[in-house]
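*Asks:* First the structure, then my questions, so here it is.
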Amino acid sequence: MSLYKRGKIWWVKFTAPNGQFVRRSAKTTDRRLAQEFHDRLRSESWRVVQLGAKPRVTWQEAVLRWMSEKQGCKRSLDKDVLLFRWLHTYLGDSYLDEINRECIAAITQRKLAEGVKPGTVNRHLALVRAVLRCAEREWDWLEKAPYIRFLPEPKRRVRWLNREEAEKVLAELPEHLAEMMRFTLATGLREKNVTQLKWSQVDSIRRCAWIHADEAKGKKAIAVPLNQDALTVLSRQEGSCPTYVFTYKGMPVGRANNHAWRKALKRAGISDFRWHDLRHTWASWHIQQGTPLHVLQELGGWSDASMVRKYAHLSANHLMEYADQLPGVSQGTILGTNEKGLAGINRLTL
């Protein structure tokens, strides 16, 4: 039989023209609606096989394939799951070819109605775009993915600490977090690369450490030169744990940007500052000390040069030699030019 029940829900099954066996839930207790669903599926499968039409796939089917393919190669997959859950309310049973600009605009307005910032909306839209582009360019499920316009976001200024402010924060932190902060300010490493750093990644004799490609945000291994400040921190951590460099009560630290960190910031009188801003602080100090942008890019493991240009305004030393090349103009020459210009104007007037 093409229709059968599982509990109270009707299911359909049939063999497509290409020999593929199809079994799907009609998601209804109404036999008439289930029959319509069955007939539509058979018609679509015939069009796909005989006429070469694109298969009609639902958003949920596309999400499942996208998640399966990204498993193990996308670090933010856990966060994507939360975004997909919200999107499922509006797109779950929709076919991909039904997701058009009007549908995207409606999702944008619904998310904005929750009072979130444009950046949050854009993260949802970016995920929708990623799935639809895969459906078009890789899976051949769509003729053309709709254009998705992102909301404008205000550019966030680079937040960093001066050395006096950094000392205030260090004085308020518990010792294990203070050591991690000192190491971050000496190396510029991201939070997870510090909390998960192992002794097997450190060579104090060669004064270097390394971040493996699967641990780096850019998926490329990073060599980390260790200055004297970093080596001093490491020397104090020796013997605390045979595996991890930084620990708390013998256990690795899950997060540095935690409640103790935020309380210390408050006591130090520092606002609008995250743990990741320590990386901005490290980069800002480098630029102010004259480190060239291309060297900073390599030190920080950035794959794109545009990521380091946001620090360029903190120092003009690399431009000074070019500024000095412009020949000066004496005050007398300026006055002489003005006098000639005025004389010419007087002659025209007469």
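Ligands are numbered from 1 in the order shown, residues from 1 within each chain, and chains are lettered A, B, ... in the order they appear in the structure tokens.
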Could you list, as a short mmCIF file (atom, residue, chain, number, x, y, z; two decimals) with C-alpha atoms, in the first residue's frame, every residue within 6 Å of stretch 191-201 of chain A, counting only C-alpha atoms and ignoring same-chain residues fewer than 5 positions away?

*Replies:*
```
data_model
loop_
_atom_site.label_atom_id
_atom_site.label_comp_id
_atom_site.auth_asym_id
_atom_site.auth_seq_id
_atom_site.Cartn_x
_atom_site.Cartn_y
_atom_site.Cartn_z
CA ALA A 209 55.25 27.74 21.47
CA TRP A 210 52.91 26.66 18.73
CA THR A 243 49.61 18.25 30.90
CA TYR A 244 48.15 21.76 30.92
CA VAL A 245 50.12 24.96 31.46
CA VAL A 253 40.52 26.29 33.23
#
```

*Asks:* Mind checking which residues fall within 7 Å of stretch 259-268 of chain A, counting only C-alpha atoms, ignoring those fewer than 4 positions away in the same chain, and posting them as a list in words?

*Replies:*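 Result of the neighbour search: Lys168, Val169, Glu172 and Leu173 of chain A.
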
*Asks:* With DSSP run on the backbone, what are the alpha helix (DSSP H) residues within stretch 137-253 of chain A? I'd like them as a VMD selection string.

*Replies:* chain A and resid 137 163 to 172 175 to 187 191 to 195 228 to 237

*Asks:* I'd like the contact shell of stretch 232-234 of chain A - 9 Å cut-off, only C-alpha atoms, skipping same-chain residues fewer than 6 positions apart - returned as a list of chain:residue names.

*Replies:* A:Glu179, A:Met180, A:Arg182, A:Phe183, A:Ser204, A:Val245, A:Phe246

*Asks:* Any idea what the distance is between atom CA of A:Asp277 and atom CA of A:Trp160?

*Replies:*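 For atom CA of A:Asp277 relative to atom CA of A:Trp160, the distance reads 6.0 Å.
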
*Asks:* Skip A:Leu296 itself and residues of its chain fewer than 3 positions away, then list as a VMD selection string all residues within 8 Å of it, counting only C-alpha atoms.

*Replies:* chain A and resid 283 286 to 287 291 to 293 299 to 300 308

*Asks:* Excluding A:Leu112 and any residue of its chain fewer than 6 positions from it, enumerate the residues within 9 Å of it, using only C-alpha atoms, and give them as a PyMOL selection string.

*Replies:* chain A and resi 118+120-121
